[in-house]
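Okay, start-v2.tsv is below, TSV, C-alpha atoms:
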chain	number	residue	atom	x	y	z
A	1	ASP	CA	151.61	81.38	102.10
A	2	ALA	CA	154.83	79.39	101.93
A	3	LYS	CA	157.15	80.02	104.85
A	4	THR	CA	160.29	79.19	102.91
A	5	THR	CA	162.57	80.91	100.40
A	6	GLN	CA	164.47	78.95	97.78
A	7	PRO	CA	166.50	79.99	94.73
A	8	PRO	CA	164.43	79.52	91.59
A	9	SER	CA	167.05	77.47	89.77
A	10	MET	CA	170.40	75.74	90.16
A	11	ASP	CA	172.69	73.66	87.97
A	12	CYS	CA	174.90	70.80	89.09
A	13	ALA	CA	177.38	68.63	87.22
A	14	GLU	CA	176.60	64.93	87.06
A	15	GLY	CA	178.46	63.01	89.76
A	16	ARG	CA	178.98	66.07	91.93
A	17	ALA	CA	177.12	66.90	95.12
A	18	ALA	CA	174.04	69.08	94.73
A	19	ASN	CA	173.48	71.44	97.66
A	20	LEU	CA	170.03	73.01	97.69
A	21	PRO	CA	169.52	75.83	100.21
A	22	CYS	CA	166.31	76.86	101.93
A	23	ASN	CA	165.59	79.77	104.26
A	24	HIS	CA	162.84	79.41	106.86
A	25	SER	CA	163.59	82.23	109.27
A	26	THR	CA	160.10	82.24	110.84
A	27	ILE	CA	160.02	78.53	111.64
A	28	SER	CA	158.40	77.60	114.96
A	29	GLY	CA	159.81	75.18	117.49
A	30	ASN	CA	157.36	72.41	116.61
A	31	GLU	CA	157.63	72.73	112.85
A	32	TYR	CA	159.53	70.22	110.75
A	33	VAL	CA	161.46	70.88	107.55
A	34	TYR	CA	160.30	68.59	104.76
A	35	TRP	CA	161.79	68.17	101.30
A	36	TYR	CA	159.95	66.88	98.27
A	37	ARG	CA	160.90	66.79	94.63
A	38	GLN	CA	158.79	66.68	91.51
A	39	ILE	CA	160.05	65.23	88.28
A	40	HIS	CA	158.21	66.44	85.20
A	41	SER	CA	154.75	64.90	84.79
A	42	GLN	CA	154.97	63.01	88.07
A	43	GLY	CA	153.60	63.68	91.54
A	44	PRO	CA	155.80	65.10	94.29
A	45	GLN	CA	158.14	62.54	95.84
A	46	TYR	CA	158.97	62.64	99.54
A	47	ILE	CA	162.72	62.87	100.14
A	48	ILE	CA	163.50	63.54	103.79
A	49	HIS	CA	162.45	65.57	106.82
A	50	GLY	CA	163.96	66.78	110.07
A	51	LEU	CA	163.25	68.82	113.17
A	52	LYS	CA	166.56	69.83	114.72
A	53	ASN	CA	169.16	67.22	113.97
A	54	ASN	CA	170.78	66.47	110.66
A	55	GLU	CA	169.21	63.53	108.87
A	56	THR	CA	170.39	61.12	106.21
A	57	ASN	CA	168.62	58.45	104.23
A	58	GLU	CA	169.27	56.56	101.03
A	59	MET	CA	168.26	59.52	98.90
A	60	ALA	CA	169.79	62.56	100.56
A	61	SER	CA	171.11	64.34	103.63
A	62	LEU	CA	169.42	67.24	105.39
A	63	ILE	CA	171.52	69.76	107.26
A	64	ILE	CA	169.60	72.13	109.56
A	65	THR	CA	171.41	75.08	111.10
A	66	GLU	CA	171.54	75.31	114.86
A	67	ASP	CA	169.12	78.26	114.92
A	68	ARG	CA	166.85	76.31	112.52
A	69	LYS	CA	166.43	79.33	110.28
A	70	SER	CA	167.86	77.60	107.23
A	71	SER	CA	168.63	74.17	105.88
A	72	THR	CA	170.43	72.49	103.01
A	73	LEU	CA	169.41	69.38	101.12
A	74	ILE	CA	172.42	67.47	99.83
A	75	LEU	CA	172.28	64.96	97.00
A	76	PRO	CA	175.75	63.41	97.35
A	77	HIS	CA	176.26	62.21	93.77
A	78	ALA	CA	173.76	63.84	91.46
A	79	THR	CA	172.59	61.96	88.39
A	80	LEU	CA	170.61	63.12	85.38
A	81	ARG	CA	167.53	61.53	86.96
A	82	ASP	CA	167.79	63.98	89.86
A	83	THR	CA	166.73	66.82	87.54
A	84	ALA	CA	163.51	68.03	89.14
A	85	VAL	CA	161.84	70.84	91.07
A	86	TYR	CA	162.81	70.57	94.74
A	87	TYR	CA	160.42	71.92	97.36
A	88	CYS	CA	161.38	72.84	100.90
A	89	ILE	CA	158.31	72.91	103.16
A	90	VAL	CA	157.87	73.85	106.79
A	91	TRP	CA	155.16	71.67	108.33
A	92	GLU	CA	153.69	71.36	111.78
A	93	GLY	CA	152.72	67.76	112.36
A	94	SER	CA	149.08	68.30	113.24
A	95	ALA	CA	148.40	70.49	110.22
A	96	ARG	CA	146.58	68.86	107.35
A	97	GLN	CA	148.00	70.39	104.25
A	98	LEU	CA	151.47	70.92	102.93
A	99	THR	CA	152.01	74.45	101.63
A	100	PHE	CA	154.24	74.36	98.57
A	101	GLY	CA	156.21	77.37	97.36
A	102	SER	CA	157.78	77.71	93.94
A	103	GLY	CA	160.71	75.41	94.70
A	104	THR	CA	164.13	75.18	93.07
A	105	GLN	CA	164.51	73.79	89.57
A	106	LEU	CA	167.64	71.65	89.77
A	107	THR	CA	169.19	70.74	86.44
A	108	VAL	CA	171.90	68.10	86.48
A	109	LEU	CA	174.21	68.59	83.53
A	110	PRO	CA	176.13	65.77	81.82
B	1	ASP	CA	153.81	49.22	99.38
B	2	THR	CA	152.35	49.77	95.95
B	3	GLY	CA	152.13	53.54	96.24
B	4	VAL	CA	149.23	55.91	95.65
B	5	SER	CA	147.32	55.13	92.47
B	6	GLN	CA	145.23	57.63	90.52
B	7	ASP	CA	142.87	57.03	87.65
B	8	PRO	CA	142.64	58.19	84.96
B	9	ARG	CA	146.04	59.73	84.26
B	10	HIS	CA	144.60	62.06	81.68
B	11	LYS	CA	141.08	63.36	81.11
B	12	ILE	CA	139.93	65.58	78.28
B	13	THR	CA	136.42	66.89	78.43
B	14	LYS	CA	134.23	69.66	77.10
B	15	ARG	CA	133.31	72.67	79.18
B	16	GLY	CA	130.17	72.03	81.17
B	17	GLN	CA	130.64	68.28	81.51
B	18	ASN	CA	131.08	66.47	84.83
B	19	VAL	CA	134.24	64.52	85.59
B	20	THR	CA	135.21	62.12	88.36
B	21	PHE	CA	138.68	61.07	89.44
B	22	ARG	CA	139.64	58.16	91.64
B	23	CYS	CA	142.46	57.79	94.16
B	24	ASP	CA	143.59	54.57	95.81
B	25	PRO	CA	145.85	55.40	98.77
B	26	ILE	CA	148.57	53.26	100.31
B	27	SER	CA	146.60	50.57	102.08
B	28	GLU	CA	147.47	51.27	105.72
B	29	HIS	CA	147.22	55.06	105.41
B	30	ASN	CA	144.19	56.55	107.14
B	31	ARG	CA	144.74	60.10	105.89
B	32	LEU	CA	144.02	61.15	102.33
B	33	TYR	CA	144.53	64.53	100.66
B	34	TRP	CA	143.62	66.14	97.36
B	35	TYR	CA	145.69	68.90	95.79
B	36	ARG	CA	145.50	70.85	92.55
B	37	GLN	CA	148.50	71.98	90.55
B	38	THR	CA	148.51	74.42	87.66
B	39	LEU	CA	151.39	74.88	85.24
B	40	GLY	CA	154.48	76.37	86.84
B	41	GLN	CA	153.03	76.40	90.34
B	42	GLY	CA	153.40	74.16	93.35
B	43	PRO	CA	150.47	71.97	94.42
B	44	GLU	CA	147.65	73.69	96.32
B	45	PHE	CA	145.63	71.92	98.99
B	46	LEU	CA	141.98	71.16	98.28
B	47	THR	CA	140.69	68.80	100.96
B	48	TYR	CA	141.62	66.22	103.57
B	49	PHE	CA	140.07	63.01	104.91
B	50	GLN	CA	140.81	61.07	108.03
B	51	ASN	CA	139.33	57.66	107.43
B	52	GLU	CA	135.93	58.40	105.86
B	53	ALA	CA	135.48	61.82	107.45
B	54	GLN	CA	136.20	64.93	105.39
B	55	LEU	CA	137.78	67.17	108.00
B	56	GLU	CA	139.03	70.14	106.04
B	57	LYS	CA	138.22	71.91	102.78
B	58	SER	CA	140.12	74.72	101.13
B	59	ARG	CA	138.47	77.86	99.78
B	60	LEU	CA	139.61	76.56	96.39
B	61	LEU	CA	137.03	73.79	96.66
B	62	SER	CA	134.03	75.54	95.14
B	63	ASP	CA	130.46	74.21	95.27
B	64	ARG	CA	131.09	72.45	91.95
B	65	PHE	CA	133.67	70.22	93.60
B	66	SER	CA	132.83	67.29	95.83
B	67	ALA	CA	135.05	64.64	97.33
B	68	GLU	CA	134.14	61.41	99.04
B	69	ARG	CA	135.88	58.58	100.78
B	70	PRO	CA	132.95	56.28	101.53
B	71	LYS	CA	134.65	53.38	103.30
B	72	GLY	CA	137.83	55.06	104.38
B	73	SER	CA	139.78	53.47	101.55
B	74	PHE	CA	139.63	54.90	98.01
B	75	SER	CA	138.44	58.43	97.33
B	76	THR	CA	136.73	60.18	94.45
B	77	LEU	CA	136.86	63.82	93.42
B	78	GLU	CA	134.02	65.04	91.21
B	79	ILE	CA	133.87	68.33	89.36
B	80	GLN	CA	130.47	69.36	88.05
B	81	ARG	CA	129.90	71.77	85.15
B	82	THR	CA	133.59	72.02	84.37
B	83	GLU	CA	135.06	75.40	83.45
B	84	GLN	CA	138.24	76.36	81.58
B	85	GLY	CA	139.86	77.33	84.86
B	86	ASP	CA	139.52	73.78	86.14
B	87	SER	CA	142.26	72.64	83.79
B	88	ALA	CA	145.03	71.42	86.08
B	89	MET	CA	146.76	68.39	87.52
B	90	TYR	CA	144.77	66.88	90.39
B	91	LEU	CA	147.01	65.11	92.88
B	92	CYS	CA	146.11	62.70	95.64
B	93	ALA	CA	148.32	61.93	98.63
B	94	SER	CA	148.03	59.66	101.63
B	95	SER	CA	149.78	59.31	104.95
B	96	ARG	CA	149.76	57.67	108.33
B	97	MET	CA	148.97	60.00	111.21
B	98	GLY	CA	151.98	62.31	111.62
B	99	GLY	CA	153.85	60.69	108.75
B	100	PRO	CA	154.98	62.18	105.44
B	101	GLN	CA	152.46	62.47	102.64
B	102	HIS	CA	153.05	60.22	99.65
B	103	PHE	CA	151.67	61.41	96.33
B	104	GLY	CA	150.29	59.70	93.29
B	105	ASP	CA	151.20	60.83	89.78
B	106	GLY	CA	147.99	62.77	89.38
B	107	THR	CA	145.17	63.14	86.89
B	108	ARG	CA	145.74	65.79	84.26
B	109	LEU	CA	142.45	67.47	83.34
B	110	SER	CA	142.09	69.41	80.10
B	111	ILE	CA	138.92	71.37	79.40
B	112	LEU	CA	138.16	72.04	75.74

Structure encoded using structure tokens:
Amino acid sequence: DAKTTQPPSMDCAEGRAANLPCNHSTISGNEYVYWYRQIHSQGPQYIIHGLKNNETNEMASLIITEDRKSSTLILPHATLRDTAVYYCIVWEGSARQLTFGSGTQLTVLP
Amino acid sequence: DTGVSQDPRHKITKRGQNVTFRCDPISEHNRLYWYRQTLGQGPEFLTYFQNEAQLEKSRLLSDRFSAERPKGSFSTLEIQRTEQGDSAMYLCASSRMGGPQHFGDGTRLSIL
């Protein structure tokens, strides 16, 4: 079973920041927070991951709370192409599979 | 980095037929994974290879399903005697040890 809770849907205006929350209150000390997104009819796309510290790459920023019980994925300037289902996944590095929940359907509005 | 490639992208077959899908991982990735995704759901894990060894299989992988990765490079997933419930998107992913999994765009299977 997925160890994360995400809102089922969110809207964001084009050009604005999209902030996608994720709760993972049972996360263990050696588990990472991973974010993927899935655009319709495509496979999941890796976005970013982190353990304790905030992370940033060319796609997004990941903010993890100090107690690690929740995190936020930030898309700084959302575009229409960012419309997708976003999955927050807790993953321990030696585990084989990723366990996907239902994710958040982000719709970027013009 | 050409990404994970899956073939075919779409497969339509009659119930009872056998089907085989192919996955070509990112070349330096030694880990390969198969997932299944039904409409409106997130992907579900099926099986995992490290090099040519199949190290883990999900309960979802019934006896009609078999996966191989003969030389530790590409992999095939075969479904024998297909059933209506096998209709789904079959996704392949690959990774380096400890690295993020990178997915292909899947094979969509439709059973008539």

At most 8 Å is the cut-off: for each residue in chain A with any atom that close to an atom of chain B, write down the nearest atom pair and the distance in Å rounded to one decimal, counting all atoms listed in the file, chain first then increasing number, as a tab-separated table.
residue	atom	partner	partner_atom	distance
A:Ser41	CA	B:Asp105	CA	7.4
A:Gln42	CA	B:Asp105	CA	4.7
A:Gly43	CA	B:Asp105	CA	4.1
A:Pro44	CA	B:Phe103	CA	5.9
A:Gln45	CA	B:Phe103	CA	6.6
A:Tyr46	CA	B:His102	CA	6.4
A:Gly93	CA	B:Gly98	CA	5.5
A:Ser94	CA	B:Gly98	CA	6.8
A:Arg96	CA	B:Tyr48	CA	6.8
A:Gln97	CA	B:Phe45	CA	6.0
A:Leu98	CA	B:Phe45	CA	7.1
A:Thr99	CA	B:Glu44	CA	6.9
A:Phe100	CA	B:Gly42	CA	5.3
A:Gly101	CA	B:Gly42	CA	5.9
A:Ser102	CA	B:Gly42	CA	5.7
A:Gly103	CA	B:Gly42	CA	7.5

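One finds CA of Thr72 (chain A) at 4.5 Å from CA of Pro21 (chain A).
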
Query raised in the report: Leaving out Thr20 (chain B) and any residue of its chain fewer than 5 positions from it, which residues lie within 8 Å of it when counting all atoms listed in the file, given as a list in words?
Result: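 Skipping anything fewer than 5 positions along the chain leaves Thr76, Leu77, Glu78 and Ile79 of chain B.
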
Requested in this report: Please indicate the distance in Å from CA of Pro8 (chain A) to CA of Leu20 (chain A), rounded to one decimal place.
Outcome: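 Calculated distance between CA of Pro8 (chain A) and CA of Leu20 (chain A) is 10.5 Å.
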
Each residue of region 20-40 of chain A with at least one atom at most 12 Å from region 63-66 of chain A should appear once, together with its nearest atom pair and the corresponding distance in Å (one decimal); atoms considered: all atoms listed in the file; ordering: chain, then increasing residue number; output as a Markdown table.
| residue | atom | partner | partner_atom | distance |
| --- | --- | --- | --- | --- |
| A:Leu20 | CA | A:Ile63 | CA | 10.2 |
| A:Pro21 | CA | A:Ile63 | CA | 9.5 |
| A:Cys22 | CA | A:Ile64 | CA | 9.6 |
| A:Asn23 | CA | A:Ile64 | CA | 10.1 |
| A:His24 | CA | A:Ile64 | CA | 10.3 |
| A:Ser25 | CA | A:Thr65 | CA | 10.8 |
| A:Ile27 | CA | A:Ile64 | CA | 11.7 |
| A:Tyr32 | CA | A:Ile64 | CA | 10.3 |
| A:Val33 | CA | A:Ile64 | CA | 8.5 |
| A:Tyr34 | CA | A:Ile64 | CA | 11.0 |
| A:Trp35 | CA | A:Ile63 | CA | 11.5 |

**Report entry** Spatial neighbours of Ile74 (chain A), 6 Å, all atoms listed in the file, chain gap at least 2 places, as a VMD selection string
**Finding:** chain A and resid 18 to 19 60 to 61 76

Requested in this report: Have a look at A:Ala78, A:Glu55, A:Lys3, A:Thr26 and name the one nearest to Pro110 (chain A); count only C-alpha atoms.
Outcome: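 Going through A:Ala78, A:Glu55, A:Lys3, A:Thr26 one by one, the smallest distance to Pro110 (chain A) is for A:Ala78.
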
Query raised in the report: Just how far from CA of Gly15 (chain A) is CA of Asn57 (chain A), in Å to one decimal?
Result: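 It comes out at 18.1 Å.
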
Query - Residues within 8 Å of (139.4, 55.2, 96.7), file coords, only C-alpha atoms, listed as a PyMOL selection string - result: chain B and resi 22-25+69+72-76

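Take the candidates A:Lys52, A:Met10, A:Leu106, A:Ser28 and check each one against Leu80 (chain A) using all atoms listed in the file; the shortest distance goes to A:Leu106.
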